[in-house]
$ cat protein_16.cif   # mmCIF, C-alpha atoms
data_model
loop_
_atom_site.group_PDB
_atom_site.id
_atom_site.type_symbol
_atom_site.label_atom_id
_atom_site.label_comp_id
_atom_site.auth_asym_id
_atom_site.auth_seq_id
_atom_site.Cartn_x
_atom_site.Cartn_y
_atom_site.Cartn_z
ATOM 1 C CA MET U 1 -21.167 58.736 -23.402
ATOM 2 C CA THR U 2 -23.090 61.363 -25.335
ATOM 3 C CA PHE U 3 -21.815 64.375 -27.263
ATOM 4 C CA ASP U 4 -22.990 66.551 -24.339
ATOM 5 C CA THR U 5 -20.922 64.698 -21.761
ATOM 6 C CA VAL U 6 -17.858 64.774 -23.991
ATOM 7 C CA LEU U 7 -18.038 68.558 -23.972
ATOM 8 C CA GLN U 8 -18.119 68.561 -20.174
ATOM 9 C CA SER U 9 -15.446 65.918 -19.606
ATOM 10 C CA ASP U 10 -11.666 66.057 -19.809
ATOM 11 C CA ARG U 11 -11.244 62.314 -19.383
ATOM 12 C CA PRO U 12 -9.215 60.701 -22.193
ATOM 13 C CA ALA U 13 -10.455 57.574 -23.909
ATOM 14 C CA LEU U 14 -9.679 54.511 -21.818
ATOM 15 C CA ASP U 15 -7.494 52.977 -24.541
ATOM 16 C CA GLU U 16 -5.249 56.022 -24.995
ATOM 17 C CA PRO U 17 -2.569 57.482 -22.697
ATOM 18 C CA VAL U 18 -3.138 61.089 -23.862
ATOM 19 C CA PRO U 19 -6.247 63.017 -24.941
ATOM 20 C CA SER U 20 -7.059 62.955 -28.646
ATOM 21 C CA ARG U 21 -10.040 65.305 -28.548
ATOM 22 C CA TYR U 22 -10.561 68.865 -27.398
ATOM 23 C CA ALA U 23 -13.934 70.559 -26.869
ATOM 24 C CA LEU U 24 -14.809 74.220 -27.130
ATOM 25 C CA GLN U 25 -17.828 76.448 -27.572
ATOM 26 C CA VAL U 26 -18.368 78.923 -30.396
ATOM 27 C CA GLY U 27 -21.357 80.865 -29.132
ATOM 28 C CA ASP U 28 -24.149 78.298 -28.985
ATOM 29 C CA ILE U 29 -22.355 75.834 -31.264
ATOM 30 C CA ASP U 30 -20.422 72.855 -29.868
ATOM 31 C CA VAL U 31 -17.087 72.073 -31.515
ATOM 32 C CA LEU U 32 -14.854 69.069 -30.962
ATOM 33 C CA VAL U 33 -11.344 68.852 -32.446
ATOM 34 C CA ILE U 34 -10.354 65.210 -32.926
ATOM 35 C CA SER U 35 -6.909 63.897 -33.835
ATOM 36 C CA ASP U 36 -6.806 61.261 -36.552
ATOM 37 C CA GLY U 37 -3.189 60.570 -35.652
ATOM 38 C CA ILE U 38 0.131 61.477 -37.244
ATOM 39 C CA LEU U 39 1.194 61.352 -40.887
ATOM 40 C CA PRO U 40 4.971 60.670 -41.200
ATOM 41 C CA ILE U 41 6.206 62.190 -44.457
ATOM 42 C CA SER U 42 9.424 63.507 -45.983
ATOM 43 C CA ALA U 43 10.244 66.819 -44.348
ATOM 44 C CA HIS U 44 11.322 68.290 -47.667
ATOM 45 C CA VAL U 45 7.730 68.166 -48.926
ATOM 46 C CA LEU U 46 7.199 71.249 -46.737
ATOM 47 C CA ALA U 47 8.978 73.490 -49.246
ATOM 48 C CA HIS U 48 10.133 72.665 -52.773
ATOM 49 C CA ASN U 49 10.831 76.184 -54.077
ATOM 50 C CA VAL U 50 13.808 76.824 -51.771
ATOM 51 C CA GLU U 51 17.210 75.175 -51.494
ATOM 52 C CA PRO U 52 17.145 72.069 -49.260
ATOM 53 C CA LYS U 53 19.741 73.591 -46.934
ATOM 54 C CA VAL U 54 17.464 76.603 -46.387
ATOM 55 C CA LEU U 55 14.618 74.313 -45.350
ATOM 56 C CA ASP U 56 17.024 72.281 -43.205
ATOM 57 C CA THR U 57 17.998 75.426 -41.323
ATOM 58 C CA TRP U 58 14.342 76.278 -40.724
ATOM 59 C CA LEU U 59 13.610 72.750 -39.495
ATOM 60 C CA GLU U 60 16.543 72.924 -37.099
ATOM 61 C CA GLU U 61 15.394 76.287 -35.763
ATOM 62 C CA GLN U 62 11.943 74.802 -35.170
ATOM 63 C CA PHE U 63 13.405 71.753 -33.360
ATOM 64 C CA LEU U 64 12.022 69.516 -36.106
ATOM 65 C CA PRO U 65 13.805 66.563 -37.744
ATOM 66 C CA ARG U 66 15.353 67.077 -41.167
ATOM 67 C CA GLU U 67 14.331 63.762 -42.688
ATOM 68 C CA VAL U 68 10.795 62.833 -41.687
ATOM 69 C CA ALA U 69 8.173 65.309 -40.519
ATOM 70 C CA GLU U 70 5.211 64.061 -38.518
ATOM 71 C CA TRP U 71 2.193 66.003 -39.713
ATOM 72 C CA PRO U 72 -0.721 66.086 -37.286
ATOM 73 C CA LEU U 73 -4.112 65.158 -38.741
ATOM 74 C CA ASN U 74 -7.067 67.027 -37.229
ATOM 75 C CA VAL U 75 -10.790 66.938 -37.993
ATOM 76 C CA LEU U 76 -13.785 68.719 -36.486
ATOM 77 C CA VAL U 77 -17.131 67.578 -35.183
ATOM 78 C CA VAL U 78 -19.607 70.449 -34.991
ATOM 79 C CA ARG U 79 -23.085 70.386 -33.506
ATOM 80 C CA SER U 80 -25.454 73.141 -34.525
ATOM 81 C CA GLY U 81 -29.096 72.670 -33.602
ATOM 82 C CA GLU U 82 -30.171 69.166 -34.573
ATOM 83 C CA GLN U 83 -27.247 68.623 -36.956
ATOM 84 C CA THR U 84 -23.962 66.890 -36.188
ATOM 85 C CA ILE U 85 -21.379 67.781 -38.800
ATOM 86 C CA LEU U 86 -18.072 66.031 -39.457
ATOM 87 C CA VAL U 87 -15.508 68.282 -41.153
ATOM 88 C CA ASP U 88 -13.052 66.038 -43.024
ATOM 89 C CA ALA U 89 -12.527 62.384 -42.255
ATOM 90 C CA GLY U 90 -8.859 61.624 -41.774
ATOM 91 C CA LEU U 91 -6.612 59.175 -43.566
ATOM 92 C CA GLY U 92 -8.268 55.794 -43.394
ATOM 93 C CA MET U 93 -6.023 52.928 -44.464
ATOM 94 C CA ASP U 94 -3.623 52.418 -47.370
ATOM 95 C CA PRO U 95 -1.412 49.395 -46.677
ATOM 96 C CA ASN U 96 0.881 50.251 -49.611
ATOM 97 C CA LEU U 97 2.031 53.496 -47.956
ATOM 98 C CA LYS U 98 2.577 52.029 -44.457
ATOM 99 C CA LEU U 99 1.126 55.013 -42.551
ATOM 100 C CA GLU U 100 0.275 53.157 -39.360
ATOM 101 C CA LYS U 101 0.265 56.222 -37.073
ATOM 102 C CA ALA U 102 -2.895 57.687 -38.615
ATOM 103 C CA GLY U 103 -6.348 56.475 -39.606
ATOM 104 C CA ARG U 104 -7.847 56.573 -36.104
ATOM 105 C CA LEU U 105 -10.987 58.624 -36.796
ATOM 106 C CA VAL U 106 -13.684 55.965 -36.441
ATOM 107 C CA GLN U 107 -12.099 54.621 -33.262
ATOM 108 C CA ARG U 108 -11.836 58.105 -31.756
ATOM 109 C CA LEU U 109 -15.340 59.158 -32.756
ATOM 110 C CA GLU U 110 -16.680 56.104 -30.970
ATOM 111 C CA ALA U 111 -14.452 56.769 -27.943
ATOM 112 C CA ALA U 112 -15.949 60.269 -27.837
ATOM 113 C CA GLY U 113 -19.478 58.856 -27.831
ATOM 114 C CA ILE U 114 -20.260 59.862 -31.404
ATOM 115 C CA PRO U 115 -21.666 56.892 -33.350
ATOM 116 C CA LEU U 116 -21.304 57.107 -37.108
ATOM 117 C CA ASP U 117 -25.054 57.079 -37.640
ATOM 118 C CA SER U 118 -25.431 60.226 -35.512
ATOM 119 C CA ILE U 119 -23.584 62.281 -38.146
ATOM 120 C CA THR U 120 -26.052 64.165 -40.334
ATOM 121 C CA ASP U 121 -23.585 66.040 -42.538
ATOM 122 C CA VAL U 122 -19.995 65.773 -43.719
ATOM 123 C CA VAL U 123 -18.014 68.677 -45.178
ATOM 124 C CA ILE U 124 -14.955 67.731 -47.214
ATOM 125 C CA THR U 125 -12.410 70.540 -47.499
ATOM 126 C CA HIS U 126 -10.817 68.688 -50.421
ATOM 127 C CA MET U 127 -10.493 65.143 -51.679
ATOM 128 C CA HIS U 128 -6.905 64.290 -50.752
ATOM 129 C CA MET U 129 -6.815 60.893 -49.087
ATOM 130 C CA ASP U 130 -5.954 62.242 -45.617
ATOM 131 C CA HIS U 131 -9.265 64.134 -45.654
ATOM 132 C CA ILE U 132 -11.630 61.480 -47.046
ATOM 133 C CA GLY U 133 -9.946 58.143 -46.325
ATOM 134 C CA GLY U 134 -11.669 57.582 -42.994
ATOM 135 C CA LEU U 135 -15.006 57.331 -44.780
ATOM 136 C CA THR U 136 -13.775 54.732 -47.272
ATOM 137 C CA ILE U 137 -12.671 52.051 -44.803
ATOM 138 C CA ASP U 138 -14.499 48.784 -45.457
ATOM 139 C CA GLY U 139 -17.864 48.753 -43.690
ATOM 140 C CA THR U 140 -17.891 52.471 -42.796
ATOM 141 C CA HIS U 141 -20.308 53.614 -45.500
ATOM 142 C CA GLU U 142 -22.809 50.995 -44.407
ATOM 143 C CA ARG U 143 -22.737 52.386 -40.861
ATOM 144 C CA MET U 144 -23.468 55.960 -41.920
ATOM 145 C CA ARG U 145 -27.098 57.076 -42.057
ATOM 146 C CA PRO U 146 -28.748 56.696 -45.480
ATOM 147 C CA ASP U 147 -29.809 60.357 -45.559
ATOM 148 C CA LEU U 148 -26.259 61.606 -44.909
ATOM 149 C CA ARG U 149 -25.430 64.847 -46.730
ATOM 150 C CA VAL U 150 -21.840 65.199 -48.009
ATOM 151 C CA HIS U 151 -20.876 68.771 -48.931
ATOM 152 C CA VAL U 152 -18.058 69.207 -51.476
ATOM 153 C CA ALA U 153 -17.242 72.118 -53.786
ATOM 154 C CA ALA U 154 -18.320 71.453 -57.368
ATOM 155 C CA ALA U 155 -14.836 72.400 -58.590
ATOM 156 C CA GLU U 156 -13.349 69.664 -56.388
ATOM 157 C CA VAL U 157 -15.610 66.944 -57.764
ATOM 158 C CA GLU U 158 -14.818 68.072 -61.301
ATOM 159 C CA PHE U 159 -11.054 68.187 -60.633
ATOM 160 C CA TRP U 160 -10.850 64.581 -59.466
ATOM 161 C CA LYS U 161 -12.389 63.294 -62.681
ATOM 162 C CA ASN U 162 -8.962 63.912 -64.259
ATOM 163 C CA PRO U 163 -6.634 65.365 -61.599
ATOM 164 C CA ASP U 164 -3.542 67.345 -62.592
ATOM 165 C CA PHE U 165 -0.404 66.645 -60.533
ATOM 166 C CA SER U 166 1.999 68.562 -62.778
ATOM 167 C CA LYS U 167 2.791 71.268 -60.185
ATOM 168 C CA THR U 168 2.963 68.979 -57.142
ATOM 169 C CA VAL U 169 6.116 67.448 -55.664
ATOM 170 C CA MET U 170 4.870 64.433 -53.721
ATOM 171 C CA PRO U 171 6.690 61.365 -52.403
ATOM 172 C CA GLU U 172 6.560 58.291 -54.608
ATOM 173 C CA GLY U 173 3.276 56.402 -54.453
ATOM 174 C CA PHE U 174 1.133 59.267 -53.245
ATOM 175 C CA PRO U 175 -0.397 60.419 -56.572
ATOM 176 C CA ASP U 176 -1.671 56.903 -57.317
ATOM 177 C CA ALA U 177 -2.990 56.510 -53.760
ATOM 178 C CA LEU U 178 -4.748 59.871 -53.948
ATOM 179 C CA ARG U 179 -6.406 58.998 -57.248
ATOM 180 C CA ALA U 180 -7.544 55.588 -55.977
ATOM 181 C CA THR U 181 -8.984 56.971 -52.730
ATOM 182 C CA ALA U 182 -10.846 59.781 -54.521
ATOM 183 C CA LYS U 183 -12.317 57.256 -56.959
ATOM 184 C CA ARG U 184 -13.432 54.969 -54.124
ATOM 185 C CA PHE U 185 -14.932 57.907 -52.228
ATOM 186 C CA MET U 186 -17.003 58.988 -55.236
ATOM 187 C CA GLU U 187 -18.159 55.429 -55.842
ATOM 188 C CA GLN U 188 -19.377 55.103 -52.253
ATOM 189 C CA TYR U 189 -20.732 58.595 -51.554
ATOM 190 C CA GLY U 190 -21.424 60.084 -54.985
ATOM 191 C CA SER U 191 -25.206 59.845 -54.631
ATOM 192 C CA GLN U 192 -25.061 61.668 -51.271
ATOM 193 C CA ILE U 193 -22.846 64.540 -52.376
ATOM 194 C CA ARG U 194 -24.282 68.046 -52.440
ATOM 195 C CA THR U 195 -22.043 70.364 -54.412
ATOM 196 C CA PHE U 196 -21.749 74.129 -54.107
ATOM 197 C CA ASP U 197 -20.022 76.755 -56.207
ATOM 198 C CA THR U 198 -18.545 79.300 -53.786
ATOM 199 C CA GLU U 199 -20.442 79.004 -50.496
ATOM 200 C CA ALA U 200 -22.973 76.775 -48.752
ATOM 201 C CA GLU U 201 -24.741 77.071 -45.401
ATOM 202 C CA VAL U 202 -24.421 73.579 -43.980
ATOM 203 C CA ALA U 203 -26.247 74.354 -40.719
ATOM 204 C CA PRO U 204 -27.131 77.499 -38.765
ATOM 205 C CA GLY U 205 -23.814 79.287 -38.210
ATOM 206 C CA VAL U 206 -21.795 76.719 -40.200
ATOM 207 C CA THR U 207 -20.709 77.751 -43.704
ATOM 208 C CA ALA U 208 -18.436 76.095 -46.240
ATOM 209 C CA GLN U 209 -16.530 78.593 -48.405
ATOM 210 C CA LEU U 210 -14.435 77.943 -51.493
ATOM 211 C CA THR U 211 -10.776 79.021 -51.263
ATOM 212 C CA GLY U 212 -9.127 77.124 -54.128
ATOM 213 C CA GLY U 213 -5.346 76.971 -54.239
ATOM 214 C CA HIS U 214 -4.331 73.733 -52.562
ATOM 215 C CA THR U 215 -6.776 72.024 -54.903
ATOM 216 C CA PRO U 216 -9.165 73.854 -57.250
ATOM 217 C CA GLY U 217 -12.121 73.033 -55.007
ATOM 218 C CA HIS U 218 -10.441 73.380 -51.620
ATOM 219 C CA CYS U 219 -12.789 74.987 -49.099
ATOM 220 C CA MET U 220 -12.755 76.088 -45.482
ATOM 221 C CA VAL U 221 -15.530 75.945 -42.883
ATOM 222 C CA ARG U 222 -16.522 78.947 -40.794
ATOM 223 C CA VAL U 223 -18.380 78.470 -37.505
ATOM 224 C CA ALA U 224 -19.959 81.640 -36.102
ATOM 225 C CA SER U 225 -22.422 82.202 -33.267
ATOM 226 C CA GLY U 226 -23.101 84.877 -30.678
ATOM 227 C CA GLY U 227 -20.286 87.136 -31.837
ATOM 228 C CA ASP U 228 -17.723 84.322 -31.638
ATOM 229 C CA ALA U 229 -16.094 82.592 -34.602
ATOM 230 C CA LEU U 230 -13.732 79.758 -35.509
ATOM 231 C CA THR U 231 -12.584 78.726 -38.986
ATOM 232 C CA PHE U 232 -11.316 75.314 -40.084
ATOM 233 C CA VAL U 233 -8.901 76.123 -42.910
ATOM 234 C CA GLY U 234 -8.029 72.584 -43.990
ATOM 235 C CA ASP U 235 -4.706 72.626 -45.854
ATOM 236 C CA ALA U 236 -4.634 76.354 -46.577
ATOM 237 C CA ILE U 237 -2.118 76.915 -43.740
ATOM 238 C CA PHE U 238 0.761 74.643 -42.756
ATOM 239 C CA GLN U 239 3.191 75.073 -39.879
ATOM 240 C CA VAL U 240 5.830 76.561 -42.175
ATOM 241 C CA GLY U 241 3.352 79.053 -43.617
ATOM 242 C CA PHE U 242 3.499 81.625 -40.814
ATOM 243 C CA ASP U 243 7.059 82.866 -41.056
ATOM 244 C CA GLN U 244 7.601 81.519 -44.589
ATOM 245 C CA PRO U 245 4.264 82.069 -46.360
ATOM 246 C CA GLY U 246 5.933 82.005 -49.785
ATOM 247 C CA TRP U 247 7.241 78.450 -49.497
ATOM 248 C CA TYR U 248 5.412 75.901 -51.642
ATOM 249 C CA ASN U 249 4.129 72.655 -50.154
ATOM 250 C CA GLY U 250 4.562 69.578 -52.327
ATOM 251 C CA PHE U 251 0.880 68.682 -52.116
ATOM 252 C CA GLU U 252 -0.330 72.009 -53.526
ATOM 253 C CA HIS U 253 -1.768 71.597 -57.017
ATOM 254 C CA ASP U 254 -1.499 75.351 -57.648
ATOM 255 C CA PRO U 255 1.359 76.665 -55.474
ATOM 256 C CA GLU U 256 1.060 80.294 -56.592
ATOM 257 C CA GLU U 257 -2.654 80.440 -55.812
ATOM 258 C CA SER U 258 -2.070 78.562 -52.555
ATOM 259 C CA GLU U 259 0.342 81.280 -51.477
ATOM 260 C CA ARG U 260 -2.182 83.989 -52.308
ATOM 261 C CA VAL U 261 -4.923 82.208 -50.344
ATOM 262 C CA ARG U 262 -2.608 81.564 -47.387
ATOM 263 C CA VAL U 263 -1.421 85.180 -47.117
ATOM 264 C CA SER U 264 -4.949 86.520 -47.508
ATOM 265 C CA LEU U 265 -6.261 84.294 -44.718
ATOM 266 C CA LEU U 266 -3.360 85.071 -42.384
ATOM 267 C CA ARG U 267 -3.870 88.801 -42.905
ATOM 268 C CA GLU U 268 -7.578 88.402 -42.239
ATOM 269 C CA PHE U 269 -7.053 86.448 -39.021
ATOM 270 C CA ALA U 270 -4.433 88.915 -37.835
ATOM 271 C CA ALA U 271 -6.896 91.769 -38.397
ATOM 272 C CA THR U 272 -9.958 90.074 -36.851
ATOM 273 C CA ARG U 273 -8.016 88.237 -34.093
ATOM 274 C CA GLU U 274 -10.278 85.231 -34.690
ATOM 275 C CA ALA U 275 -9.096 81.712 -33.958
ATOM 276 C CA PHE U 276 -8.672 79.042 -36.594
ATOM 277 C CA VAL U 277 -7.946 75.331 -36.824
ATOM 278 C CA ALA U 278 -5.872 73.644 -39.539
ATOM 279 C CA THR U 279 -5.542 70.009 -40.481
ATOM 280 C CA HIS U 280 -1.774 69.796 -40.067
ATOM 281 C CA LEU U 281 -1.032 72.118 -37.144
ATOM 282 C CA PRO U 282 -0.150 70.500 -33.786
ATOM 283 C CA PHE U 283 -3.166 69.237 -31.847
ATOM 284 C CA PRO U 284 -5.501 70.738 -30.713
ATOM 285 C CA SER U 285 -4.556 73.090 -33.559
ATOM 286 C CA ILE U 286 -6.357 76.198 -32.287
ATOM 287 C CA TYR U 287 -4.310 79.211 -33.291
ATOM 288 C CA HIS U 288 -4.321 82.969 -33.523
ATOM 289 C CA VAL U 289 -1.982 84.861 -35.820
ATOM 290 C CA ALA U 290 -0.157 88.172 -35.594
ATOM 291 C CA VAL U 291 1.707 90.151 -38.230
ATOM 292 C CA ALA U 292 5.512 89.941 -37.858
ATOM 293 C CA GLY U 293 7.181 92.263 -40.363
ATOM 294 C CA ASP U 294 6.655 90.849 -43.831
ATOM 295 C CA ALA U 295 5.475 87.522 -42.434
ATOM 296 C CA PHE U 296 3.369 86.246 -39.533
ATOM 297 C CA ARG U 297 3.660 84.835 -36.043
ATOM 298 C CA ALA U 298 1.682 81.823 -34.854
ATOM 299 C CA VAL U 299 0.076 82.153 -31.429
ATOM 300 C CA PRO U 300 -1.348 78.855 -30.137
ATOM 301 C CA ALA U 301 -4.416 79.208 -27.969
ATOM 302 C CA VAL U 302 -4.065 78.293 -24.315
ATOM 303 C CA TRP U 303 -5.935 75.109 -23.454
ATOM 304 C CA ASP U 304 -9.176 75.919 -21.649
ATOM 305 C CA TYR U 305 -9.634 73.329 -18.918
#

$ encode --input "protein_16.cif" --output "structure tokens"
Amino acid sequence: MTFDTVLQSDRPALDEPVPSRYALQVGDIDVLVISDGILPISAHVLAHNVEPKVLDTWLEEQFLPREVAEWPLNVLVVRSGEQTILVDAGLGMDPNLKLEKAGRLVQRLEAAGIPLDSITDVVITHMHMDHIGGLTIDGTHERMRPDLRVHVAAAEVEFWKNPDFSKTVMPEGFPDALRATAKRFMEQYGSQIRTFDTEAEVAPGVTAQLTGGHTPGHCMVRVASGGDALTFVGDAIFQVGFDQPGWYNGFEHDPEESERVRVSLLREFAATREAFVATHLPFPSIYHVAVAGDAFRAVPAVWDY
């Protein structure tokens, strides 16, 4: 199966009971949203600057469990011209954290007919393990093409030389796992990394743009063609961020700046009516946003069959 036939087919992979990929067109650019699986994590990581009972009430209103939240993990594959671009790489494997429901990227790329050596570029929104881990699995680097270009903000590379976790509120074990995965990623892909300061054109119509906030070098990826646009915002927007944009996520290294970035993006999308995709919004994670008083309202896009 080729990338072309994937975009014309709604058949799920033979080894999966439900679809884990969703294709759409942005002008002349092909986009594929792929699920890397689910990341089970303490629900209270969603907001650490409010009383637990306030978050519990919100979770109940959203029909979500109070103890463990299952965060979706989404990545993009974008084809523009002769380039095939992977945006983020999923979780990979960390046996110490027992996150068996995620780390499916390589399997699902292959099920979609996208061999690893067909990928010309990778854009990393930031170097948390659930965005780079899929590239660090044993044997994966050797299967990527030797001329692979990996695009990461310069501020992100600099940050992970001595990362600051002082403002984060993560579950036990995660800071060490994040450090170890970032170190392994740099060891494997450091010579292929192309850094940028604030913006980089990765391919025609595909641009990486620095946002900061979640991490100092966090970026998003805009895809624009023929008057149509779609933005992959990485971890700039979580499910709780629409009606509670001022709540701080435990994985944000600069919560105040993360809030500013989040509100700015939500206002922009409400004004332009453009669609966006986020790592941790429910698959296929294609959303619009509307202003709702002092907050926002999430409007999931209708699946286009």

$ closest_atom_pairs --input "protein_16.cif" --of "region 167-219 of chain U" --to "region 31-47 of chain U" --cutoff "10 Å" --atoms "all atoms listed in the file" --output "tab-separated table"
residue	atom	partner	partner_atom	distance
U:Thr168	CA	U:Val45	CA	9.5
U:Val169	CA	U:Val45	CA	7.0
U:Met170	CA	U:Val45	CA	6.7
U:Pro171	CA	U:Ser42	CA	7.3

$ closest_residue --input "protein_16.cif" --among "U:Glu110, U:Phe251, U:Gly226, U:His218" --to "Pro175 (chain U)" --atoms "all atoms listed in the file"
U:Phe251

$ resolve_selection --input "protein_16.cif" --expression "the PyMOL selection byres ((chain U and resi 259) around 8)" --output "list in words"
Gly213, Pro245, Gly246, Trp247, Tyr248, Pro255, Glu256, Glu257, Ser258, Arg260, Val261, Arg262 and Val263 of chain U

$ atom_distance --input "protein_16.cif" --atom1 "CA of Thr120 (chain U)" --atom2 "CA of Glu158 (chain U)"
24.1 Å

$ atom_distance --input "protein_16.cif" --atom1 "CA of Thr140 (chain U)" --atom2 "CA of Gly81 (chain U)"
24.9 Å

$ resolve_selection --input "protein_16.cif" --expression "the PyMOL selection byres ((chain U and resi 163) around 10)" --output "mmCIF file with C-alpha atoms, in the coordinates of the input"
data_model
loop_
_atom_site.group_PDB
_atom_site.id
_atom_site.type_symbol
_atom_site.label_atom_id
_atom_site.label_comp_id
_atom_site.auth_asym_id
_atom_site.auth_seq_id
_atom_site.Cartn_x
_atom_site.Cartn_y
_atom_site.Cartn_z
ATOM 1 C CA GLU U 156 -13.349 69.664 -56.388
ATOM 2 C CA VAL U 157 -15.610 66.944 -57.764
ATOM 3 C CA GLU U 158 -14.818 68.072 -61.301
ATOM 4 C CA PHE U 159 -11.054 68.187 -60.633
ATOM 5 C CA TRP U 160 -10.850 64.581 -59.466
ATOM 6 C CA LYS U 161 -12.389 63.294 -62.681
ATOM 7 C CA ASN U 162 -8.962 63.912 -64.259
ATOM 8 C CA ASP U 164 -3.542 67.345 -62.592
ATOM 9 C CA PHE U 165 -0.404 66.645 -60.533
ATOM 10 C CA SER U 166 1.999 68.562 -62.778
ATOM 11 C CA PRO U 175 -0.397 60.419 -56.572
ATOM 12 C CA LEU U 178 -4.748 59.871 -53.948
ATOM 13 C CA ARG U 179 -6.406 58.998 -57.248
ATOM 14 C CA ALA U 182 -10.846 59.781 -54.521
ATOM 15 C CA THR U 215 -6.776 72.024 -54.903
ATOM 16 C CA PRO U 216 -9.165 73.854 -57.250
ATOM 17 C CA HIS U 253 -1.768 71.597 -57.017
#

$ closest_residue --input "protein_16.cif" --among "U:Leu135, U:Ala23, U:Leu281, U:Ala290" --to "Arg267 (chain U)" --atoms "only C-alpha atoms"
U:Ala290

$ residues_around --input "protein_16.cif" --residues "Ala298 (chain U)" --least-positions-apart "3" --cutoff "8 Å" --atoms "all atoms listed in the file" --output "ChimeraX atom specification"
/U:242,287-290
